[in-house]
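Listing of final_27.txt; format and content: compact mmCIF, C-alpha atoms.
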```
# COMPACT_ATOMS: atom_id res chain seq x y z
CA MET A 1 -69.96 39.42 -176.02
CA PRO A 2 -71.71 37.28 -173.38
CA ILE A 3 -72.45 33.58 -173.90
CA LYS A 4 -73.99 33.09 -177.31
CA ASN A 5 -77.65 32.12 -177.10
CA SER A 6 -77.04 29.68 -179.93
CA PHE A 7 -74.84 27.50 -177.72
CA ALA A 8 -77.39 27.38 -174.92
CA GLU A 9 -80.00 26.31 -177.47
CA ARG A 10 -77.72 23.72 -179.05
CA LEU A 11 -76.35 22.38 -175.77
CA PRO A 12 -78.16 19.01 -176.05
CA GLU A 13 -76.66 18.43 -179.51
CA ILE A 14 -73.10 19.39 -178.55
CA ALA A 15 -73.34 17.49 -175.26
CA GLY A 16 -74.49 14.49 -177.30
CA TRP A 17 -71.29 14.67 -179.34
CA ARG A 18 -69.30 14.89 -176.13
CA ARG A 19 -70.99 11.87 -174.58
CA HIS A 20 -70.48 9.83 -177.74
CA LEU A 21 -66.76 10.62 -177.55
CA HIS A 22 -66.76 9.80 -173.84
CA GLU A 23 -68.24 6.37 -174.53
CA ASN A 24 -65.62 5.64 -177.16
CA PRO A 25 -62.24 6.81 -175.82
CA GLU A 26 -59.03 6.28 -177.76
CA ILE A 27 -55.46 6.67 -176.54
CA LEU A 28 -52.43 8.59 -177.84
CA PHE A 29 -52.21 8.53 -181.66
CA GLU A 30 -54.73 5.71 -182.03
CA VAL A 31 -57.67 8.13 -182.24
CA HIS A 32 -58.90 6.91 -185.61
CA LYS A 33 -62.62 6.78 -184.77
CA THR A 34 -62.48 10.10 -182.94
CA ALA A 35 -60.69 11.75 -185.87
CA ALA A 36 -63.25 10.32 -188.30
CA PHE A 37 -66.07 11.67 -186.11
CA VAL A 38 -64.46 15.13 -186.12
CA GLU A 39 -63.77 15.04 -189.87
CA GLU A 40 -67.35 14.06 -190.69
CA ARG A 41 -68.75 16.99 -188.74
CA LEU A 42 -66.31 19.55 -190.09
CA ARG A 43 -67.25 18.55 -193.64
CA ALA A 44 -70.96 18.67 -192.78
CA PHE A 45 -70.54 22.16 -191.27
CA GLY A 46 -69.14 23.42 -194.57
CA CYS A 47 -65.50 24.04 -193.69
CA ASP A 48 -63.62 25.42 -196.70
CA GLU A 49 -60.94 22.78 -196.27
CA VAL A 50 -60.57 19.69 -194.10
CA VAL A 51 -57.19 17.99 -193.76
CA THR A 52 -56.58 14.68 -191.98
CA GLY A 53 -53.46 12.75 -191.01
CA LEU A 54 -51.49 15.74 -189.74
CA GLY A 55 -49.31 14.64 -186.82
CA ARG A 56 -50.34 11.07 -187.75
CA THR A 57 -54.02 11.33 -186.78
CA GLY A 58 -54.74 15.03 -186.32
CA VAL A 59 -57.57 16.83 -188.10
CA VAL A 60 -57.59 20.45 -189.28
CA GLY A 61 -60.50 22.50 -190.57
CA VAL A 62 -60.20 25.85 -192.40
CA ILE A 63 -63.02 28.38 -192.12
CA LYS A 64 -62.89 31.61 -194.13
CA GLY A 65 -64.64 34.72 -192.90
CA LYS A 66 -67.04 36.93 -194.85
CA THR A 67 -64.11 39.19 -195.65
CA ASP A 68 -60.33 38.85 -195.68
CA THR A 69 -58.72 42.24 -196.16
CA LYS A 70 -55.68 41.74 -193.93
CA GLY A 71 -54.77 38.08 -194.34
CA ALA A 72 -55.22 37.38 -190.62
CA VAL A 73 -55.19 33.70 -189.57
CA ILE A 74 -55.68 32.34 -186.03
CA GLY A 75 -55.55 28.74 -184.86
CA LEU A 76 -57.86 27.24 -182.26
CA ARG A 77 -56.69 23.90 -180.80
CA ALA A 78 -58.44 21.09 -178.92
CA ASP A 79 -57.02 17.70 -177.90
CA MET A 80 -58.79 14.41 -178.70
CA ASP A 81 -57.07 11.57 -176.79
CA ALA A 82 -58.09 9.76 -173.62
CA LEU A 83 -56.12 8.16 -170.77
CA PRO A 84 -55.29 4.53 -169.89
CA ILE A 85 -57.54 4.59 -166.82
CA HIS A 86 -60.44 2.30 -165.92
CA GLU A 87 -63.54 4.48 -165.51
CA GLU A 88 -65.45 4.39 -162.21
CA THR A 89 -68.17 7.00 -162.79
CA GLY A 90 -71.09 4.61 -163.29
CA LEU A 91 -72.51 6.97 -165.91
CA PRO A 92 -74.93 5.65 -168.56
CA TYR A 93 -72.45 6.87 -171.20
CA ALA A 94 -69.33 5.55 -169.42
CA SER A 95 -66.43 4.20 -171.44
CA LYS A 96 -67.12 1.05 -173.43
CA THR A 97 -63.38 0.43 -173.79
CA PRO A 98 -61.82 -1.38 -170.82
CA GLY A 99 -58.78 0.44 -169.49
CA ALA A 100 -59.43 3.65 -171.42
CA MET A 101 -61.28 6.75 -170.23
CA HIS A 102 -61.72 10.43 -171.01
CA ALA A 103 -60.42 11.34 -167.56
CA CYS A 104 -59.05 14.75 -168.57
CA GLY A 105 -61.99 16.24 -170.46
CA HIS A 106 -60.55 16.10 -173.96
CA ASP A 107 -63.98 14.86 -175.06
CA GLY A 108 -65.36 18.18 -173.81
CA HIS A 109 -62.60 20.21 -175.45
CA THR A 110 -63.27 18.53 -178.81
CA ALA A 111 -67.04 19.00 -178.51
CA MET A 112 -66.71 22.69 -177.59
CA LEU A 113 -64.45 23.40 -180.54
CA LEU A 114 -66.76 21.47 -182.87
CA GLY A 115 -69.63 23.61 -181.61
CA ALA A 116 -67.63 26.76 -182.27
CA ALA A 117 -66.62 25.52 -185.73
CA GLN A 118 -70.24 24.93 -186.68
CA TYR A 119 -71.20 28.42 -185.52
CA LEU A 120 -68.30 30.05 -187.37
CA CYS A 121 -69.18 28.17 -190.57
CA ASP A 122 -72.79 29.31 -190.27
CA THR A 123 -72.12 32.98 -189.49
CA ARG A 124 -68.60 33.83 -190.77
CA GLN A 125 -68.70 37.15 -188.94
CA PHE A 126 -64.96 37.73 -189.04
CA ASN A 127 -62.35 39.22 -191.35
CA GLY A 128 -59.75 36.54 -192.00
CA THR A 129 -59.37 32.80 -191.54
CA VAL A 130 -59.91 30.47 -188.58
CA VAL A 131 -58.02 27.17 -188.45
CA VAL A 132 -59.56 24.66 -186.04
CA ILE A 133 -56.99 22.10 -184.85
CA PHE A 134 -57.92 18.72 -183.37
CA GLN A 135 -54.79 17.14 -181.94
CA PRO A 136 -54.01 13.54 -180.93
CA ALA A 137 -51.66 12.32 -178.19
CA GLU A 138 -51.55 15.18 -175.73
CA GLU A 139 -51.33 12.69 -172.85
CA GLY A 140 -47.64 11.90 -173.14
CA GLY A 141 -47.30 11.34 -176.86
CA GLY A 142 -46.39 14.85 -177.96
CA GLY A 143 -49.06 15.13 -180.62
CA GLY A 144 -48.64 18.92 -180.66
CA ARG A 145 -44.97 18.48 -181.51
CA GLU A 146 -45.85 16.02 -184.28
CA MET A 147 -48.42 18.35 -185.84
CA CYS A 148 -45.94 21.22 -185.80
CA ALA A 149 -43.27 18.97 -187.33
CA ASP A 150 -45.74 18.18 -190.12
CA GLY A 151 -45.85 21.88 -190.97
CA LEU A 152 -49.11 22.88 -189.24
CA MET A 153 -48.25 26.54 -188.74
CA ASP A 154 -46.66 27.26 -192.12
CA ARG A 155 -49.05 25.16 -194.19
CA PHE A 156 -52.11 27.06 -192.96
CA GLY A 157 -50.40 30.42 -192.39
CA ILE A 158 -51.32 30.49 -188.70
CA GLN A 159 -50.21 33.74 -187.02
CA GLU A 160 -51.55 33.19 -183.50
CA VAL A 161 -52.76 30.07 -181.71
CA TYR A 162 -55.05 29.54 -178.70
CA GLY A 163 -55.87 26.58 -176.47
CA MET A 164 -58.19 25.82 -173.55
CA HIS A 165 -58.47 23.25 -170.76
CA ASN A 166 -61.26 22.60 -168.31
CA TRP A 167 -60.25 22.80 -164.64
CA PRO A 168 -62.09 21.22 -161.68
CA GLY A 169 -62.33 23.37 -158.56
CA VAL A 170 -62.78 26.56 -160.60
CA PRO A 171 -66.40 27.84 -160.71
CA MET A 172 -68.26 26.36 -163.66
CA GLY A 173 -67.95 28.44 -166.83
CA THR A 174 -65.54 31.03 -165.40
CA PHE A 175 -61.99 31.51 -166.70
CA ALA A 176 -58.45 31.84 -165.37
CA ILE A 177 -55.19 32.60 -167.16
CA ARG A 178 -51.68 33.89 -166.57
CA ALA A 179 -49.00 35.42 -168.79
CA GLY A 180 -45.55 33.85 -168.98
CA SER A 181 -44.70 30.41 -167.64
CA PHE A 182 -47.96 28.57 -166.95
CA PHE A 183 -47.45 24.78 -167.16
CA ALA A 184 -44.15 23.09 -166.25
CA SER A 185 -41.66 21.12 -168.30
CA THR A 186 -42.05 17.38 -167.78
CA ASP A 187 -38.74 15.51 -167.80
CA GLN A 188 -38.09 11.98 -166.56
CA PHE A 189 -34.98 10.24 -165.26
CA LYS A 190 -33.73 6.72 -164.66
CA ILE A 191 -30.62 6.20 -162.52
CA VAL A 192 -29.04 2.74 -162.52
CA ILE A 193 -26.80 2.34 -159.48
CA LYS A 194 -24.15 -0.36 -159.81
CA GLY A 195 -22.47 -1.95 -156.82
CA ARG A 196 -21.16 -5.37 -155.89
CA GLY A 197 -23.75 -7.76 -154.55
CA GLY A 198 -23.36 -10.42 -151.93
CA HIS A 199 -24.75 -12.04 -148.79
CA ALA A 200 -26.67 -9.70 -146.50
CA ALA A 201 -24.82 -11.18 -143.50
CA LYS A 202 -21.48 -10.02 -144.96
CA PRO A 203 -22.07 -6.40 -146.04
CA HIS A 204 -18.34 -5.61 -145.72
CA ASP A 205 -17.71 -7.83 -148.75
CA THR A 206 -20.13 -5.84 -150.90
CA VAL A 207 -20.52 -2.39 -152.40
CA ASP A 208 -24.12 -1.83 -151.37
CA PRO A 209 -26.29 -0.09 -154.02
CA ILE A 210 -29.21 0.07 -151.57
CA VAL A 211 -27.24 2.40 -149.30
CA MET A 212 -26.10 4.39 -152.33
CA SER A 213 -29.69 4.73 -153.57
CA ALA A 214 -30.86 6.00 -150.19
CA GLN A 215 -28.14 8.65 -150.17
CA ILE A 216 -28.90 9.66 -153.76
CA VAL A 217 -32.63 10.04 -153.08
CA THR A 218 -31.82 12.27 -150.11
CA ALA A 219 -29.27 14.26 -152.12
CA LEU A 220 -31.74 14.90 -154.94
CA GLN A 221 -34.02 16.74 -152.51
CA THR A 222 -31.36 19.42 -152.13
CA ILE A 223 -31.88 20.55 -155.73
CA ALA A 224 -35.14 22.22 -154.73
CA SER A 225 -34.28 23.00 -151.09
CA ARG A 226 -30.70 24.28 -151.45
CA ASN A 227 -29.73 24.80 -155.10
CA VAL A 228 -32.64 26.64 -156.74
CA ASP A 229 -33.91 30.07 -155.71
CA PRO A 230 -37.03 29.49 -153.56
CA VAL A 231 -39.09 31.77 -155.81
CA ASP A 232 -38.18 29.72 -158.90
CA GLN A 233 -40.38 26.60 -158.90
CA VAL A 234 -38.84 23.17 -159.40
CA VAL A 235 -40.00 19.68 -158.42
CA VAL A 236 -37.73 16.63 -158.26
CA SER A 237 -39.73 13.53 -157.35
CA VAL A 238 -38.41 9.98 -157.05
CA THR A 239 -41.34 7.71 -157.88
CA SER A 240 -39.82 4.23 -158.12
CA ILE A 241 -36.93 2.27 -156.57
CA GLU A 242 -36.32 -1.25 -157.88
CA SER A 243 -33.67 -3.75 -156.82
CA SER A 244 -32.19 -6.53 -158.95
CA SER A 245 -32.95 -8.92 -156.09
CA THR A 246 -36.06 -9.43 -154.01
CA ALA A 247 -34.55 -11.85 -151.49
CA PHE A 248 -34.36 -10.97 -147.80
CA ASN A 249 -30.75 -12.10 -147.47
CA VAL A 250 -29.17 -10.69 -150.66
CA ILE A 251 -27.50 -7.33 -151.16
CA PRO A 252 -28.24 -6.71 -154.86
CA GLN A 253 -25.92 -5.82 -157.67
CA LEU A 254 -28.14 -3.10 -159.12
CA VAL A 255 -30.76 -0.59 -157.97
CA THR A 256 -32.81 1.51 -160.42
CA ILE A 257 -34.32 4.83 -159.40
CA LYS A 258 -36.96 6.53 -161.55
CA GLY A 259 -38.70 9.85 -161.25
CA THR A 260 -39.69 13.18 -162.76
CA VAL A 261 -38.36 16.74 -162.82
CA ARG A 262 -40.67 19.72 -163.32
CA ALA A 263 -39.50 23.29 -163.84
CA MET A 264 -40.95 26.64 -164.85
CA THR A 265 -38.06 28.11 -166.84
CA LYS A 266 -35.62 26.77 -169.43
CA GLU A 267 -32.73 27.79 -167.22
CA THR A 268 -33.98 25.95 -164.14
CA ARG A 269 -34.84 22.93 -166.25
CA LYS A 270 -31.27 22.75 -167.58
CA PHE A 271 -29.74 23.35 -164.14
CA ALA A 272 -31.86 20.62 -162.51
CA GLU A 273 -30.73 18.08 -165.12
CA GLU A 274 -27.08 18.98 -164.60
CA ARG A 275 -27.35 18.91 -160.81
CA LEU A 276 -29.25 15.61 -160.73
CA THR A 277 -26.63 13.98 -162.94
CA ALA A 278 -23.73 15.26 -160.84
CA LEU A 279 -25.31 14.32 -157.50
CA ALA A 280 -26.12 10.77 -158.63
CA ARG A 281 -22.70 10.07 -160.12
CA THR A 282 -20.58 11.60 -157.37
CA THR A 283 -22.62 10.11 -154.53
CA ALA A 284 -22.33 6.61 -155.98
CA LEU A 285 -18.61 7.15 -156.56
CA ALA A 286 -18.11 8.18 -152.93
CA PHE A 287 -19.44 4.77 -151.85
CA GLY A 288 -17.31 2.85 -154.31
CA GLY A 289 -20.01 2.28 -156.93
CA GLU A 290 -21.19 4.04 -160.05
CA ALA A 291 -24.41 5.58 -161.32
CA GLU A 292 -25.57 5.58 -164.91
CA VAL A 293 -27.97 8.49 -165.46
CA ASN A 294 -30.54 8.45 -168.26
CA TYR A 295 -32.40 11.74 -168.60
CA PHE A 296 -35.42 12.03 -170.89
CA HIS A 297 -36.69 15.42 -172.01
CA GLY A 298 -40.48 15.66 -172.05
CA TYR A 299 -42.72 18.63 -172.80
CA PRO A 300 -41.09 22.07 -172.54
CA VAL A 301 -42.35 24.82 -170.27
CA MET A 302 -45.62 26.20 -171.64
CA VAL A 303 -45.27 29.97 -171.87
CA ASN A 304 -48.21 32.27 -172.62
CA HIS A 305 -47.37 35.36 -174.68
CA PRO A 306 -48.28 38.65 -172.94
CA GLU A 307 -50.31 40.38 -175.68
CA GLN A 308 -52.29 37.27 -176.58
CA THR A 309 -52.88 36.47 -172.90
CA GLU A 310 -54.35 39.91 -172.35
CA PHE A 311 -56.60 39.47 -175.37
CA ALA A 312 -57.70 35.96 -174.30
CA ALA A 313 -58.57 37.31 -170.83
CA HIS A 314 -60.49 40.22 -172.43
CA VAL A 315 -62.67 37.79 -174.41
CA ALA A 316 -63.14 35.53 -171.37
CA THR A 317 -64.28 38.51 -169.29
CA LYS A 318 -66.85 39.39 -171.94
CA VAL A 319 -68.16 35.81 -171.84
CA SER A 320 -68.29 35.22 -168.10
CA GLY A 321 -67.92 38.64 -166.48
CA SER A 322 -64.39 38.13 -165.16
CA CYS A 323 -61.13 36.27 -165.71
CA ALA A 324 -59.03 35.32 -162.70
CA GLU A 325 -55.26 35.11 -162.35
CA ALA A 326 -54.36 31.42 -162.63
CA PRO A 327 -51.59 29.86 -160.53
CA MET A 328 -48.54 28.20 -162.02
CA ILE A 329 -49.27 24.51 -162.63
CA MET A 330 -46.56 21.87 -162.27
CA GLY A 331 -48.37 19.53 -164.65
CA GLY A 332 -47.34 19.48 -168.31
CA GLU A 333 -49.15 20.49 -171.49
CA ASP A 334 -47.92 19.86 -175.02
CA PHE A 335 -49.63 22.98 -176.32
CA ALA A 336 -46.20 24.32 -175.30
CA TYR A 337 -44.86 23.21 -178.68
CA MET A 338 -47.42 25.31 -180.55
CA LEU A 339 -46.64 28.34 -178.37
CA GLU A 340 -42.96 27.92 -179.25
CA GLU A 341 -43.90 28.16 -182.93
CA ARG A 342 -46.39 31.04 -182.75
CA PRO A 343 -47.54 33.67 -180.24
CA GLY A 344 -50.70 32.70 -178.41
CA ALA A 345 -52.27 31.83 -175.09
CA TYR A 346 -53.78 28.96 -173.13
CA ILE A 347 -56.70 29.44 -170.75
CA LEU A 348 -58.52 27.44 -168.07
CA VAL A 349 -62.32 27.19 -167.97
CA GLY A 350 -63.94 26.11 -164.71
CA ASN A 351 -65.45 22.62 -164.53
CA GLY A 352 -67.06 23.26 -161.13
CA GLU A 353 -66.73 21.07 -158.06
CA THR A 354 -65.96 17.76 -159.75
CA ALA A 355 -63.33 15.07 -159.30
CA MET A 356 -59.90 16.24 -160.45
CA VAL A 357 -58.60 15.39 -163.91
CA HIS A 358 -56.85 12.01 -164.25
CA HIS A 359 -59.15 10.55 -161.58
CA PRO A 360 -61.33 7.48 -162.40
CA GLU A 361 -64.45 9.36 -161.18
CA TYR A 362 -63.80 12.54 -163.20
CA ASN A 363 -66.38 13.68 -165.76
CA PHE A 364 -66.45 16.77 -167.96
CA ASN A 365 -69.28 19.12 -167.00
CA ASP A 366 -71.53 19.62 -170.04
CA GLU A 367 -72.82 22.90 -168.58
CA VAL A 368 -69.40 24.38 -169.42
CA ILE A 369 -69.99 24.00 -173.17
CA PRO A 370 -71.78 27.34 -173.86
CA ALA A 371 -69.03 29.33 -172.14
CA GLY A 372 -66.19 27.40 -173.81
CA SER A 373 -67.67 27.53 -177.30
CA SER A 374 -68.51 31.23 -176.89
CA TRP A 375 -64.87 31.94 -175.95
CA TRP A 376 -63.63 30.23 -179.12
CA VAL A 377 -66.03 32.23 -181.26
CA GLY A 378 -65.20 35.45 -179.43
CA LEU A 379 -61.51 35.01 -180.19
CA ALA A 380 -62.25 34.87 -183.92
CA GLU A 381 -64.82 37.65 -184.06
CA GLU A 382 -62.91 40.09 -181.85
CA ARG A 383 -59.40 39.38 -183.12
CA MET A 384 -60.53 39.65 -186.73
CA PRO A 385 -63.50 42.04 -186.75
CA ILE A 386 -65.28 42.79 -189.99
CA GLU A 387 -64.37 46.29 -191.10
CA GLN A 388 -67.21 48.78 -191.17
CA ALA A 389 -67.96 50.42 -194.54
```
Starting from the file, lay out its structure as structure tokens.
Amino acid sequence: MPIKNSFAERLPEIAGWRRHLHENPEILFEVHKTAAFVEERLRAFGCDEVVTGLGRTGVVGVIKGKTDTKGAVIGLRADMDALPIHEETGLPYASKTPGAMHACGHDGHTAMLLGAAQYLCDTRQFNGTVVVIFQPAEEGGGGGREMCADGLMDRFGIQEVYGMHNWPGVPMGTFAIRAGSFFASTDQFKIVIKGRGGHAAKPHDTVDPIVMSAQIVTALQTIASRNVDPVDQVVVSVTSIESSSTAFNVIPQLVTIKGTVRAMTKETRKFAEERLTALARTTALAFGGEAEVNYFHGYPVMVNHPEQTEFAAHVATKVSGSCAEAPMIMGGEDFAYMLEERPGAYILVGNGETAMVHHPEYNFNDEVIPAGSSWWVGLAEERMPIEQA
């Protein structure tokens, strides 16, 4: 199943949807206009059911095939939200909303899935049911978790679920995937170091939290370099150090350290949290102070299921001729929540040589649309083929 001719012919229409979404970005769960745009099209396509308000502002469309002899149901998910970034592309369809931008290509993901939904409604060449899922708040809000909590999988009887993300630096329209751990967990920490402040000329009368913070930052680097097996990926990054005083001649009372921890397994994630907490507290104690550790669990590790990964790669190869082995990615992806609920797989589609995602000059490559939409359709038609008489 190569790229469907229909998508090449309809590229201007689907790209038009994408550019409209790009001009009108919305953030986190506040995707009301985007959701309304998606709902209007799903109803116009002739979806058998359209449900709104799932996971606050998510939209779901149900498309029944020509036959349904086995009760098969697969879910296809795209994300709708933008990022709080000021766009610097200079495009004629650049964001009209100051401080908001589709800098990750969710406009493209939504447009590609809309294109696939229209095709599936028109043709219905599959034996079962397709559930198209348009999710809010992937960028830090956990919209996937919220949709699952609202009963997404059980309500629509979803048995398998698939997702896709564009990826700059990968040849345009080609695919890459890996089984097992794919995207990292995304935890955050805040360590408040408490000492005894005083005059900078009399450090012996103080318990210096600046010195403690320096030692703690250094100690945290040993989690990756000395505590975790080198073949088991983990990242511990301190990204902010703030003092309760900004004066040149004051040793402060408090120092706050913030950062992120990324891991590729549940076990390493748990170990890194425990080790970070112990290192911060005991190091501060050794200097006569104390450390209060606040650890915030973000997205879990996103794990592709082996059978579904193989199938997703098979369809991708039919579309583009090949499917490469993707590397592990230390970024996070809240599709992880859906893959914890149901077996499935997440794939990358090449965006070509463009600016990287989350960059103010990034733009989704519209030429990717035929390949992406064809992959969505291929999943449905090949996973649920119509039985021959």
**Item:** Residue contacts of Gly142 (chain A) (10 Å, all atoms listed in the file) excluding same-chain residues fewer than 6 positions away, as a PyMOL selection string
**Value:** chain A and resi 28-29+55+135-136+298-299+333-337
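Put simply, CA of Leu114 (chain A) is 8.3 Å away from CA of Ser373 (chain A).
Taking CA of Gln308 (chain A) and CA of Tyr162 (chain A) as the two end points, the separation is 8.5 Å.
With only C-alpha atoms as the atoms that count, the minimum distance from Val315 (chain A) to the choices A:Ala380, A:Asn363, A:Leu21, A:Leu254 is reached by A:Ala380.
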Mind giving me the axis-aligned box for region 134-140 of chain A with 3 Å on every side, centre plus edges in Å to one decimal, as JSON?
```
{"center_x": -52.8, "center_y": 15.3, "center_z": -178.1, "size_x": 16.3, "size_y": 12.8, "size_z": 16.5}
```
**Prompt:** Neighbours of region 192-209 of chain A within 8 Å (only C-alpha atoms; same-chain residues fewer than 6 positions away dropped), as a VMD selection string?
**Reply:** chain A and resid 248 to 257 284 287 to 293
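For Ala72 (chain A), the residues within 8 Å (counting only C-alpha atoms, excluding itself and residues fewer than 6 positions away along the chain) are Asn127, Gly128, Thr129, Gln159 and Met384 of chain A.
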Go ahead and write the residues just picked, C-alpha atoms, as a short mmCIF file (atom, residue, chain, number, x, y, z; two decimals), in the frame of the given file.
```cif
data_model
loop_
_atom_site.label_atom_id
_atom_site.label_comp_id
_atom_site.auth_asym_id
_atom_site.auth_seq_id
_atom_site.Cartn_x
_atom_site.Cartn_y
_atom_site.Cartn_z
CA ASN A 127 -62.35 39.22 -191.35
CA GLY A 128 -59.75 36.54 -192.00
CA THR A 129 -59.37 32.80 -191.54
CA GLN A 159 -50.21 33.74 -187.02
CA MET A 384 -60.53 39.65 -186.73
#
```
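Straight-line separation from CA of Thr34 (chain A) to CA of Cys148 (chain A): 20.1 Å.
Every protein or nucleic acid residue with an atom no more than 8 Å from region 3-8 of chain A, counting only C-alpha atoms and leaving out same-chain residues fewer than 5 positions away, appears here: A:Gly115, A:Val319, A:Ser320, A:Ile369, A:Pro370, A:Ala371, A:Ser373, A:Ser374.
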**Request:** Within 9 Å of (-41.0, 26.8, -167.0) (coordinates as in the file), grab all the protein and nucleic acid residues, counting all atoms listed in the file, and write them out as a ChimeraX atom specification.
**Result:** /A:180-185,233-234,262-269,300-303,330
**Proximity to Gly53 (chain A) - best of A:Gly143, A:Trp17, A:Gln125, A:His22, only C-alpha atoms** = A:Gly143
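Between Leu54 (chain A) and the candidates A:Arg145, A:Arg226, A:His314, A:His20, the tightest atom-to-atom separation, counting all atoms listed in the file, involves A:Arg145.
With distances restricted to only C-alpha atoms, A:Arg275 is the closest residue to Ala219 (chain A) from A:Lys190, A:His305, A:Arg275, A:Arg178.
The nearest approach to Ala286 (chain A) among the residues A:Met212, A:Met328, A:Cys47, A:Ala137, with all atoms listed in the file taken into account, belongs to A:Met212.
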With all atoms listed in the file as the counted atoms, please give the residues lying no more than 8 Å from Thr67 (chain A), apart from itself and same-chain residues fewer than 2 positions off, as a compact mmCIF listing (two decimals) with C-alpha atoms, in the frame of the given file.
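The resulting file, around.txt, is reproduced below:
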```
# COMPACT_ATOMS: atom_id res chain seq x y z
CA LYS A 64 -62.89 31.61 -194.13
CA GLY A 65 -64.64 34.72 -192.90
CA THR A 69 -58.72 42.24 -196.16
CA PHE A 126 -64.96 37.73 -189.04
CA ASN A 127 -62.35 39.22 -191.35
CA GLY A 128 -59.75 36.54 -192.00
CA ILE A 386 -65.28 42.79 -189.99
```
